[in-house]
Every structure is written in C-alpha cells, then in structure tokens.
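Just protein00.cif here, mmCIF, C-alpha atoms:
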```cif
data_coords
#
loop_
_atom_site.group_PDB
_atom_site.id
_atom_site.type_symbol
_atom_site.label_atom_id
_atom_site.label_comp_id
_atom_site.auth_asym_id
_atom_site.auth_seq_id
_atom_site.Cartn_x
_atom_site.Cartn_y
_atom_site.Cartn_z
ATOM 1 C CA MET I 1 61.061 232.118 160.542
ATOM 2 C CA GLU I 2 63.299 229.061 160.810
ATOM 3 C CA SER I 3 61.873 225.638 160.064
ATOM 4 C CA VAL I 4 61.918 223.000 162.778
ATOM 5 C CA ALA I 5 64.737 221.163 161.041
ATOM 6 C CA GLU I 6 66.810 224.309 160.558
ATOM 7 C CA ALA I 7 66.314 225.407 164.149
ATOM 8 C CA GLY I 8 67.698 222.161 165.508
ATOM 9 C CA ASN I 9 71.405 222.816 166.020
ATOM 10 C CA GLY I 10 71.927 224.112 162.508
ATOM 11 C CA MET I 11 70.959 220.817 160.853
ATOM 12 C CA ASP I 12 70.058 220.784 157.176
ATOM 13 C CA ALA I 13 66.386 220.644 156.315
ATOM 14 C CA CYS I 14 65.000 217.231 155.406
ATOM 15 C CA SER I 15 61.676 215.683 154.517
ATOM 16 C CA VAL I 16 59.850 212.650 155.799
ATOM 17 C CA GLN I 17 59.494 211.424 152.223
ATOM 18 C CA SER I 18 63.263 211.417 151.706
ATOM 19 C CA LEU I 19 63.717 209.606 155.017
ATOM 20 C CA LEU I 20 61.217 206.956 153.944
ATOM 21 C CA GLU I 21 62.998 206.464 150.627
ATOM 22 C CA ASP I 22 66.355 206.135 152.378
ATOM 23 C CA VAL I 23 65.062 203.582 154.887
ATOM 24 C CA THR I 24 63.335 201.615 152.133
ATOM 25 C CA SER I 25 66.566 201.545 150.149
ATOM 26 C CA LYS I 26 68.614 200.287 153.092
ATOM 27 C CA ILE I 27 66.090 197.568 153.929
ATOM 28 C CA ALA I 28 66.025 196.375 150.321
ATOM 29 C CA GLU I 29 69.822 196.368 150.179
ATOM 30 C CA PHE I 30 70.061 194.380 153.407
ATOM 31 C CA GLU I 31 67.450 191.854 152.300
ATOM 32 C CA ALA I 32 69.101 191.348 148.912
ATOM 33 C CA GLN I 33 72.502 190.695 150.474
ATOM 34 C CA GLN I 34 70.973 188.027 152.749
ATOM 35 C CA LEU I 35 73.730 188.602 155.288
ATOM 36 C CA PRO I 36 72.418 186.263 158.026
ATOM 37 C CA LYS I 37 72.113 183.452 155.496
ATOM 38 C CA LEU I 38 75.526 184.265 154.039
ATOM 39 C CA LYS I 39 77.068 184.185 157.490
ATOM 40 C CA GLY I 40 75.663 180.713 158.085
ATOM 41 C CA GLU I 41 76.912 179.494 154.711
ATOM 42 C CA LEU I 42 80.396 180.864 155.364
ATOM 43 C CA GLN I 43 80.549 179.205 158.747
ATOM 44 C CA GLY I 44 79.383 175.951 157.217
ATOM 45 C CA PHE I 45 82.063 176.167 154.532
ATOM 46 C CA ILE I 46 84.792 176.850 157.090
ATOM 47 C CA ASN I 47 83.697 173.786 159.029
ATOM 48 C CA LYS I 48 83.843 171.495 155.989
ATOM 49 C CA LYS I 49 86.600 173.097 153.901
ATOM 50 C CA GLU I 50 89.312 170.776 155.139
ATOM 51 C CA ALA I 51 87.214 167.712 154.349
ATOM 52 C CA LEU I 52 86.354 169.038 150.873
ATOM 53 C CA VAL I 53 89.999 169.634 150.013
ATOM 54 C CA LYS I 54 91.043 166.206 151.299
ATOM 55 C CA THR I 55 88.312 164.381 149.360
ATOM 56 C CA TYR I 56 89.228 166.153 146.146
ATOM 57 C CA LYS I 57 92.947 165.584 146.644
ATOM 58 C CA ASP I 58 92.409 161.864 147.217
ATOM 59 C CA SER I 59 90.389 161.491 144.004
ATOM 60 C CA TYR I 60 92.348 163.907 141.800
ATOM 61 C CA ASP I 61 94.867 161.452 140.342
ATOM 62 C CA LYS I 62 92.129 159.027 139.341
ATOM 63 C CA LEU I 63 90.040 161.792 137.736
ATOM 64 C CA LEU I 64 93.048 163.167 135.877
ATOM 65 C CA ALA I 65 93.978 159.715 134.539
ATOM 66 C CA GLU I 66 90.429 159.207 133.269
ATOM 67 C CA TRP I 67 90.450 162.575 131.498
ATOM 68 C CA GLN I 68 93.804 161.805 129.853
ATOM 69 C CA LYS I 69 92.465 158.442 128.681
ATOM 70 C CA GLN I 70 89.426 160.111 127.158
ATOM 71 C CA ASP I 71 91.607 162.766 125.560
ATOM 72 C CA LYS I 72 93.483 160.089 123.591
ATOM 73 C CA CYS I 73 90.180 158.511 122.591
ATOM 74 C CA ILE I 74 88.850 161.882 121.452
ATOM 75 C CA GLN I 75 91.885 162.495 119.242
ATOM 76 C CA TYR I 76 91.260 159.130 117.580
ATOM 77 C CA LEU I 77 87.557 159.912 117.124
ATOM 78 C CA ARG I 78 88.440 163.267 115.568
ATOM 79 C CA LYS I 79 90.453 161.577 112.821
ATOM 80 C CA SER I 80 87.767 158.950 112.319
ATOM 81 C CA VAL I 81 84.998 161.534 111.902
ATOM 82 C CA GLN I 82 87.095 163.568 109.475
ATOM 83 C CA SER I 83 87.938 160.453 107.467
ATOM 84 C CA ALA I 84 84.320 159.286 107.305
ATOM 85 C CA SER I 85 83.114 162.739 106.188
ATOM 86 C CA PRO I 86 85.762 164.639 104.185
ATOM 87 C CA ASN I 87 83.393 167.633 103.986
ATOM 88 C CA TRP I 88 82.664 167.494 107.700
ATOM 89 C CA GLU I 89 83.502 171.173 108.285
ATOM 90 C CA THR I 90 81.039 172.316 105.626
ATOM 91 C CA TYR I 91 78.315 170.166 107.151
ATOM 92 C CA PHE I 92 79.216 171.341 110.631
ATOM 93 C CA ASN I 93 79.040 175.020 109.697
ATOM 94 C CA SER I 94 75.860 174.781 107.625
ATOM 95 C CA CYS I 95 73.905 172.481 109.930
ATOM 96 C CA VAL I 96 75.316 172.774 113.441
ATOM 97 C CA VAL I 97 76.822 176.266 113.673
ATOM 98 C CA ALA I 98 74.047 177.885 111.636
ATOM 99 C CA LYS I 99 71.295 176.316 113.739
ATOM 100 C CA ILE I 100 73.002 177.164 117.019
ATOM 101 C CA LYS I 101 73.543 180.756 115.863
ATOM 102 C CA GLU I 102 69.922 181.061 114.775
ATOM 103 C CA LEU I 103 68.755 179.918 118.202
ATOM 104 C CA GLU I 104 71.194 182.220 119.989
ATOM 105 C CA ASP I 105 70.116 185.187 117.857
ATOM 106 C CA ARG I 106 66.501 184.549 118.786
ATOM 107 C CA ARG I 107 67.404 184.398 122.462
ATOM 108 C CA GLN I 108 69.310 187.655 122.243
ATOM 109 C CA ALA I 109 66.459 189.318 120.355
ATOM 110 C CA LEU I 110 63.999 188.198 123.019
ATOM 111 C CA ASP I 111 66.286 189.427 125.793
ATOM 112 C CA ALA I 112 66.563 192.781 124.020
ATOM 113 C CA ARG I 113 62.776 193.064 123.787
ATOM 114 C CA LEU I 114 62.367 192.237 127.461
ATOM 115 C CA ASP I 115 65.173 194.603 128.412
ATOM 116 C CA CYS I 116 63.843 197.473 126.312
ATOM 117 C CA GLY I 117 60.891 198.129 128.606
ATOM 118 C CA LYS I 118 63.000 198.313 131.754
ATOM 119 C CA GLY I 119 64.145 201.468 133.482
ATOM 120 C CA PRO I 120 67.877 202.006 134.105
ATOM 121 C CA LYS I 121 67.661 201.059 137.782
ATOM 122 C CA GLU I 122 65.494 198.040 137.079
ATOM 123 C CA ARG I 123 67.962 196.914 134.415
ATOM 124 C CA ALA I 124 70.910 197.358 136.786
ATOM 125 C CA ARG I 125 69.089 195.430 139.508
ATOM 126 C CA ASP I 126 68.317 192.488 137.231
ATOM 127 C CA SER I 127 71.859 192.428 135.857
ATOM 128 C CA ALA I 128 73.363 192.390 139.353
ATOM 129 C CA LYS I 129 70.977 189.650 140.418
ATOM 130 C CA ALA I 130 71.950 187.517 137.415
ATOM 131 C CA ALA I 131 75.649 188.008 138.203
ATOM 132 C CA ALA I 132 75.097 186.933 141.814
ATOM 133 C CA THR I 133 73.152 183.871 140.689
ATOM 134 C CA LYS I 134 75.958 182.907 138.314
ATOM 135 C CA ALA I 135 78.602 183.380 141.022
ATOM 136 C CA LYS I 136 76.604 181.212 143.414
ATOM 137 C CA ALA I 137 76.238 178.454 140.808
ATOM 138 C CA GLU I 138 79.998 178.506 140.174
ATOM 139 C CA LEU I 139 80.665 178.311 143.911
ATOM 140 C CA VAL I 140 78.296 175.386 144.434
ATOM 141 C CA ALA I 141 79.756 173.507 141.466
ATOM 142 C CA LEU I 142 83.300 174.079 142.719
ATOM 143 C CA GLN I 143 82.438 172.840 146.202
ATOM 144 C CA ASP I 144 81.112 169.655 144.583
ATOM 145 C CA ASN I 145 84.014 169.552 142.141
ATOM 146 C CA GLU I 146 84.915 165.904 142.693
ATOM 147 C CA LYS I 147 81.359 164.736 142.017
ATOM 148 C CA GLY I 148 80.940 167.165 139.134
ATOM 149 C CA VAL I 149 84.117 166.084 137.336
ATOM 150 C CA SER I 150 83.250 162.427 137.826
ATOM 151 C CA ALA I 151 79.742 162.907 136.395
ATOM 152 C CA ALA I 152 81.093 164.900 133.445
ATOM 153 C CA LEU I 153 83.633 162.208 132.569
ATOM 154 C CA LYS I 154 80.867 159.617 132.615
ATOM 155 C CA GLN I 155 78.748 161.684 130.213
ATOM 156 C CA HIS I 156 81.716 162.286 127.912
ATOM 157 C CA GLN I 157 82.366 158.566 127.695
ATOM 158 C CA ALA I 158 78.738 157.969 126.737
ATOM 159 C CA TRP I 159 79.040 160.483 123.879
ATOM 160 C CA ALA I 160 82.290 158.877 122.724
ATOM 161 C CA ASP I 161 80.563 155.483 122.611
ATOM 162 C CA ASP I 162 77.698 156.972 120.573
ATOM 163 C CA ILE I 163 80.148 158.437 118.060
ATOM 164 C CA ALA I 164 81.909 155.085 117.677
ATOM 165 C CA LYS I 165 78.572 153.431 116.852
ATOM 166 C CA LEU I 166 77.655 156.157 114.357
ATOM 167 C CA LEU I 167 80.954 155.701 112.518
ATOM 168 C CA LYS I 168 80.193 152.093 111.628
ATOM 169 C CA CYS I 169 79.390 151.608 107.929
ATOM 170 C CA PRO I 170 77.522 153.400 106.665
ATOM 171 C CA ALA I 171 78.802 156.299 108.757
ATOM 172 C CA SER I 172 76.189 158.750 109.985
ATOM 173 C CA PRO I 173 76.808 162.501 109.649
ATOM 174 C CA GLU I 174 75.285 162.845 113.108
ATOM 175 C CA ALA I 175 78.707 161.905 114.466
ATOM 176 C CA ILE I 176 79.895 165.350 113.328
ATOM 177 C CA TYR I 177 77.378 167.054 115.582
ATOM 178 C CA ILE I 178 77.984 164.888 118.647
ATOM 179 C CA PHE I 179 81.759 165.221 118.386
ATOM 180 C CA TRP I 180 82.144 168.980 117.814
ATOM 181 C CA GLY I 181 78.789 170.106 119.151
ATOM 182 C CA LYS I 182 78.562 168.053 122.354
ATOM 183 C CA LEU I 183 81.710 166.137 123.297
ATOM 184 C CA LEU I 184 84.648 168.404 122.492
ATOM 185 C CA PRO I 185 83.573 171.710 124.180
ATOM 186 C CA PRO I 186 82.996 170.272 127.689
ATOM 187 C CA HIS I 187 86.080 168.055 127.341
ATOM 188 C CA ILE I 188 88.178 171.202 126.826
ATOM 189 C CA ARG I 189 86.398 173.001 129.666
ATOM 190 C CA LEU I 190 87.218 170.105 131.995
ATOM 191 C CA ALA I 191 90.913 170.050 131.034
ATOM 192 C CA PRO I 192 93.591 170.509 133.709
ATOM 193 C CA GLU I 193 95.701 173.640 133.719
ATOM 194 C CA GLY I 194 98.369 173.496 131.009
ATOM 195 C CA ALA I 195 96.685 170.829 128.873
ATOM 196 C CA THR I 196 96.366 171.640 125.172
ATOM 197 C CA VAL I 197 93.401 170.457 123.136
ATOM 198 C CA ASP I 198 92.780 171.566 119.561
ATOM 199 C CA PRO I 199 89.273 173.088 119.519
ATOM 200 C CA GLY I 200 89.009 172.880 115.739
ATOM 201 C CA PRO I 201 86.208 175.052 114.332
ATOM 202 C CA ILE I 202 84.716 175.883 117.733
ATOM 203 C CA PRO I 203 85.793 178.645 120.141
ATOM 204 C CA SER I 204 87.887 177.291 122.990
ATOM 205 C CA PRO I 205 85.632 177.454 126.076
ATOM 206 C CA PRO I 206 87.070 178.881 129.315
ATOM 207 C CA HIS I 207 87.358 176.917 132.524
ATOM 208 C CA SER I 208 84.265 176.800 134.696
ATOM 209 C CA ALA I 209 83.377 174.479 137.540
ATOM 210 C CA PRO I 210 83.477 171.595 137.585
ATOM 211 C CA TRP I 211 86.955 171.258 136.106
ATOM 212 C CA LEU I 212 90.267 169.590 136.941
ATOM 213 C CA VAL I 213 91.747 172.375 139.033
ATOM 214 C CA ALA I 214 95.055 171.262 140.567
ATOM 215 C CA HIS I 215 94.456 169.661 143.960
ATOM 216 C CA ASP I 216 97.033 171.893 145.659
ATOM 217 C CA ALA I 217 95.235 174.983 144.325
ATOM 218 C CA TYR I 218 91.728 173.759 145.125
ATOM 219 C CA GLY I 219 91.510 175.373 148.572
ATOM 220 C CA ASP I 220 92.518 178.781 147.237
ATOM 221 C CA ALA I 221 90.066 178.406 144.361
ATOM 222 C CA LEU I 222 87.272 177.810 146.854
ATOM 223 C CA GLU I 223 88.243 180.882 148.859
ATOM 224 C CA GLN I 224 88.286 183.003 145.706
ATOM 225 C CA ALA I 225 84.891 181.686 144.651
ATOM 226 C CA TRP I 226 83.443 182.708 148.012
ATOM 227 C CA CYS I 227 84.901 186.210 147.705
ATOM 228 C CA THR I 228 83.530 186.542 144.180
ATOM 229 C CA TYR I 229 80.097 185.459 145.367
ATOM 230 C CA ASN I 230 80.175 187.872 148.313
ATOM 231 C CA ASN I 231 81.131 190.785 146.054
ATOM 232 C CA ALA I 232 78.325 189.866 143.686
ATOM 233 C CA LYS I 233 75.804 189.791 146.544
ATOM 234 C CA GLN I 234 76.943 193.202 147.753
ATOM 235 C CA ALA I 235 76.561 194.604 144.248
ATOM 236 C CA GLU I 236 73.120 193.033 144.021
ATOM 237 C CA GLY I 237 72.131 194.582 147.338
ATOM 238 C CA LYS I 238 73.300 198.023 146.235
ATOM 239 C CA ALA I 239 71.389 197.772 142.959
ATOM 240 C CA GLN I 240 68.285 196.500 144.741
ATOM 241 C CA GLY I 241 68.491 199.376 147.227
ATOM 242 C CA ASP I 242 68.810 201.964 144.461
ATOM 243 C CA PHE I 243 65.799 200.491 142.703
ATOM 244 C CA ALA I 244 63.688 200.304 145.862
ATOM 245 C CA LYS I 245 64.399 203.961 146.637
ATOM 246 C CA THR I 246 63.020 205.200 143.318
ATOM 247 C CA PRO I 247 61.520 202.304 141.320
ATOM 248 C CA ASP I 248 61.422 202.775 137.557
ATOM 249 C CA ASP I 249 59.779 199.574 136.385
ATOM 250 C CA VAL I 250 56.741 199.552 134.090
ATOM 251 C CA ALA I 251 54.240 198.774 136.854
ATOM 252 C CA THR I 252 55.441 201.671 139.003
ATOM 253 C CA GLU I 253 55.431 204.086 136.075
ATOM 254 C CA ALA I 254 51.934 202.990 135.028
ATOM 255 C CA LYS I 255 50.694 203.588 138.565
ATOM 256 C CA ALA I 256 52.310 207.030 138.641
ATOM 257 C CA ILE I 257 50.760 207.956 135.292
ATOM 258 C CA ASP I 258 47.329 206.868 136.509
ATOM 259 C CA ALA I 259 47.687 208.995 139.638
ATOM 260 C CA ALA I 260 48.846 211.968 137.568
ATOM 261 C CA GLY I 261 45.805 211.592 135.321
ATOM 262 C CA LYS I 262 43.457 211.712 138.299
ATOM 263 C CA ALA I 263 45.197 214.814 139.638
ATOM 264 C CA LEU I 264 45.306 216.578 136.278
ATOM 265 C CA ASP I 265 42.397 218.982 136.945
ATOM 266 C CA ASP I 266 43.852 220.131 140.252
ATOM 267 C CA ASP I 267 47.321 220.518 138.768
ATOM 268 C CA VAL I 268 45.996 222.670 135.924
ATOM 269 C CA ARG I 269 43.967 224.870 138.276
ATOM 270 C CA LYS I 270 46.939 225.377 140.580
ATOM 271 C CA CYS I 271 49.066 226.358 137.620
ATOM 272 C CA LEU I 272 46.466 228.813 136.288
ATOM 273 C CA ALA I 273 45.988 230.333 139.740
ATOM 274 C CA ASP I 274 49.480 231.770 139.490
ATOM 275 C CA VAL I 275 48.806 233.385 136.113
ATOM 276 C CA LYS I 276 48.104 237.172 136.284
ATOM 277 C CA PRO I 277 45.741 238.747 133.691
ATOM 278 C CA ASP I 278 47.279 241.153 131.170
ATOM 279 C CA ASN I 279 44.911 243.991 132.274
ATOM 280 C CA GLY I 280 42.609 244.824 135.111
ATOM 281 C CA CYS I 281 39.378 243.182 134.011
ATOM 282 C CA GLY I 282 40.561 240.927 131.272
ATOM 283 C CA CYS I 283 38.563 242.722 128.496
ATOM 284 C CA ALA I 284 39.762 244.402 125.328
ATOM 285 C CA GLU I 285 38.133 247.735 126.381
ATOM 286 C CA THR I 286 37.662 249.156 129.832
ATOM 287 C CA LYS I 287 34.380 250.689 130.934
ATOM 288 C CA ASP I 288 35.959 254.145 130.948
ATOM 289 C CA ASP I 289 36.877 253.737 127.281
ATOM 290 C CA GLN I 290 33.196 253.361 126.427
ATOM 291 C CA LYS I 291 32.088 256.694 128.059
ATOM 292 C CA PRO I 292 31.660 259.841 125.888
ATOM 293 C CA GLY I 293 34.703 262.032 125.973
ATOM 294 C CA LYS I 294 36.733 259.321 127.621
ATOM 295 C CA GLY I 295 38.548 258.029 124.616
ATOM 296 C CA GLY I 296 35.636 256.189 123.024
ATOM 297 C CA SER I 297 35.854 255.046 119.452
ATOM 298 C CA LYS I 298 36.024 257.784 116.812
ATOM 299 C CA PRO I 299 35.777 257.805 113.030
ATOM 300 C CA ALA I 300 39.092 257.245 111.386
ATOM 301 C CA ASN I 301 38.974 260.591 109.497
ATOM 302 C CA GLY I 302 38.377 262.739 112.551
ATOM 303 C CA GLY I 303 34.564 262.960 112.332
ATOM 304 C CA ALA I 304 34.093 263.594 108.623
ATOM 305 C CA GLY I 305 31.526 261.697 106.620
ATOM 306 C CA ASN I 306 32.219 258.637 104.612
ATOM 307 C CA PRO I 307 34.919 259.646 102.107
ATOM 308 C CA VAL I 308 34.023 256.831 99.744
ATOM 309 C CA LYS I 309 30.425 258.016 99.347
ATOM 310 C CA ASP I 310 31.523 261.652 98.937
ATOM 311 C CA ASP I 311 33.907 260.713 96.150
ATOM 312 C CA ALA I 312 31.162 258.761 94.421
ATOM 313 C CA ARG I 313 28.851 261.786 94.364
ATOM 314 C CA LYS I 314 31.579 263.894 92.812
ATOM 315 C CA VAL I 315 32.049 261.428 89.984
ATOM 316 C CA ASP I 316 28.318 261.364 89.194
ATOM 317 C CA GLY I 317 28.172 265.175 89.049
ATOM 318 C CA ASP I 318 26.080 265.347 92.115
ATOM 319 C CA GLN I 319 27.931 268.188 93.741
ATOM 320 C CA PRO I 320 26.839 269.246 97.170
ATOM 321 C CA SER I 321 24.798 272.491 97.022
ATOM 322 C CA GLU I 322 26.060 275.575 98.737
ATOM 323 C CA GLU I 323 23.822 277.320 101.204
ATOM 324 C CA PRO I 324 22.655 280.812 99.979
ATOM 325 C CA LYS I 325 24.339 283.689 101.631
ATOM 326 C CA ALA I 326 22.109 285.994 103.597
ATOM 327 C CA GLU I 327 21.741 289.497 102.057
ATOM 328 C CA THR I 328 22.754 292.423 104.130
ATOM 329 C CA PRO I 329 19.970 295.059 104.467
ATOM 330 C CA GLY I 330 20.753 298.250 102.656
#
```
The structure in this file should be written as structure tokens.
Amino acid sequence: MESVAEAGNGMDACSVQSLLEDVTSKIAEFEAQQLPKLKGELQGFINKKEALVKTYKDSYDKLLAEWQKQDKCIQYLRKSVQSASPNWETYFNSCVVAKIKELEDRRQALDARLDCGKGPKERARDSAKAAATKAKAELVALQDNEKGVSAALKQHQAWADDIAKLLKCPASPEAIYIFWGKLLPPHIRLAPEGATVDPGPIPSPPHSAPWLVAHDAYGDALEQAWCTYNNAKQAEGKAQGDFAKTPDDVATEAKAIDAAGKALDDDVRKCLADVKPDNGCGCAETKDDQKPGKGGSKPANGGAGNPVKDDARKVDGDQPSEEPKAETPG
C-alpha cells in the first residue's frame, strides 16, 4: 500500500522530523545573516558615502604629512636606540620576543583546549562568526578612517616622546621595547601604499584599517569592505544553519546521551525481540529425547557394564564364574 506522501502525485516520501530540521536550519541561517539590519546599514552607508569620501580626501594631505614627519623621527630614534644599547637585538629577542611568544603560545594552547571539545559543525559555526566579526570591525574602522589615522598618529607621537626621554643618560633598556614592540609595528601598518619602512627584527605587519589608503581609492576600499563583510555574514548564516539543523555541541550531546540512557531498557528489549531461539524450546534436550526408546541417553559402550571395573577384576584374578551347563537326561 502506498504511503500518503508517495500517493501524492509521485512525490518522494518525507518525514515531519526532516521538515522541522530544515525549517530550523533556514530560520537560524536567516537570523545569523541579519538581513533586515544589513539592509538598513547598507542604505545608511549609501546615504553618507559621499560625505565620508570628501571628509577623508580633505584631511588626507595633512595626515600624510604628519606620518612622513614621524617616519623621519622614527628613523632617528632607531639609530639612537641602537647606539645606546649595542646589544639591543639580543635584549629584544630574549626579553621582548620571548615573552610575547610565551604569551601567544599560552593563548593558542587555551584556544586548542576550548576547540577540542567542539563538534565539527560547532567549530565551523564559531569560525565563521569570528570571521564575520573581524570583517565588521575592519569595515567600521575604515569608515572612520580619518579619525582612526589621526588618533593613531597622536599615540605614535606619545611613544616617540617616551623613547626620547628614556634615551637620556643613563639610557633605559625599556626604550628597546617601546620602539620595536610598540611604536614601529603600527607605524608600518599605517604607512601609505608604496612607502618603505625597515621592520628590523619584527615581521612587517600588513595593512589594516585605519591606514593611509590613497584618498582616490578610499571609496572603492569602502565598497570592497562592505562586500567582504556581506560574504562573511552569508558564510556565518550558512554555518549557523548547518549547526542548528543537527547540533553537535557538548550540551546537545550530553542531553542525547542522557535520553539514550533512559531508553536503554526499551532499546535492548526491542533488539532481543527480533532474536529467534536456536531450537524450539530453548533447552539442550527436548522432551521427546527424554522418553524411553526415543533417543534417550545410552551408555557409551552400547549397554555393557563399566569396562574399567571389569578390567580391574581381571587383574586381581577375580574372574567371573561361568554358569553350570544343564545336564541332558539320558
């Protein structure tokens, strides 16, 4: 007999449970993407994009001049720090790099421990969410690029002033840390396209907002940042939907294990109900086997006496007596 689903115009069979999982997944995906909110943000950006580009363009030359001024100051401070501490690189590696690496290793170890207990879908969801958060932060910083660059330049100048004070006799080794550990990396990150700054013993950091993006490329950079953010939100929504459909986090698994434990007796009985006994009554012997003449148990030697006892009598000379033969009457 056809099922209701199969009888309906040849449609494939489905289950209510699968429908529920599918709907749950789509709702989670939609909520994670935050499309209504995103639409409002996009409209707001379109309305203010022209003003953002104009404000940045008007302030760009001043910001660039300030960065170039600081760059010359930083080159001077580099030579001063190296002169004051000829073994500066040894101190930097043993005190600054080693301590930073130790802290980073601990962070990575903690992240690995936290990540270890996650299911694949939970891990993918969290990773996508982190990527979307990072893309949003980059977008926000780029939209406020003029303010961000200005604030960064102010902080860099404060560090440069601190280094100059530390270099006064007697020079403090702390200047090594502030120069290479604090001042130089963000100065390079802020640099305009095409500028060359020697990073020294540190990795050269990539550009990230805020930075001195060319004013004529600022509008396109904003557009690209919005597209990157939108793609990240879509990926987050997809990952969230996959997770919501079949969650694999610790709490869900613990709940499932608890439910399985409560249903264990019923599951075992259902399984055993399908098992068929090896014989009719489940005993080693049937009742018929125990009836005389019906294949009951017999001595192993076909009904003879105990052969061990008979052999023992023969050894002792106790031979079995023969019955006297009856005489035939004459």
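Contact shell of Lys238 (chain I) at 8 Å (only C-alpha atoms; same-chain neighbours under 4 positions omitted): Glu29, Gln234 and Asp242 of chain I.
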Spatial neighbours of region 195-210 of chain I, 10 Å, all atoms listed in the file, chain gap at least 2 places, as an MDAnalysis selection string: chainID I and resid 68 71 74:75 78 89 92:93 97 137:152 180:181 184:193 212:213
Given the PyMOL selection byres ((chain I and resi 164) around 12) and the file above, list the residues it selects as JSON, numbers by chain. {"I": [73, 74, 76, 77, 78, 79, 80, 81, 84, 157, 158, 159, 160, 161, 162, 163, 165, 166, 167, 168, 169, 170, 171, 172, 174, 175, 176, 178, 179]}
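Residue nearest Glu21 (chain I) within the list I:Pro277, I:Gly261, I:Gly219, I:Gly241: I:Gly241 [criterion: smallest interatomic distance, all atoms listed in the file].
Once the PyMOL selection byres ((chain I and resi 24) around 10) is applied to the shown structure, the selection contains I:Ser18, I:Leu19, I:Leu20, I:Glu21, I:Asp22, I:Val23, I:Ser25, I:Lys26, I:Ile27, I:Ala28, I:Glu29, I:Phe30, I:Gly241, I:Asp242, I:Phe243, I:Ala244, I:Lys245, I:Thr246.
Picture a line from CA of Lys154 (chain I) to CA of Lys62 (chain I); it runs 13.1 Å.
The coordinates place CA of Ala239 (chain I) at 8.5 Å from CA of Lys129 (chain I).
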Of I:Gln17, I:Ala263, I:Ala98, I:Asn230, the one sitting nearest Lys37 (chain I) when using all atoms listed in the file is I:Asn230
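You will find CA of Ser15 (chain I) at 21.3 Å from CA of Asp248 (chain I).
With all atoms listed in the file as the atoms that count, the residue of I:Gln240, I:Lys49, I:Glu253, I:Val275 with the shortest distance to Glu31 (chain I) is I:Gln240.
In terms of minimum interatomic distance to Trp67 (chain I), I:His156 ranks closest within I:His156, I:Asp267, I:Ala256, I:Asp249, counting only C-alpha atoms.
Counting only C-alpha atoms and comparing I:Gln33, I:Trp88, I:Leu42, I:Cys116, the residue that lies closest to Ala225 (chain I) is I:Leu42.
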Mind listing whatever residues come within 12 Å of the point (93.6, 169.4, 150.8)? Use only C-alpha atoms, file coordinates, and give them as a ChimeraX atom specification. /I:48-60,214-222
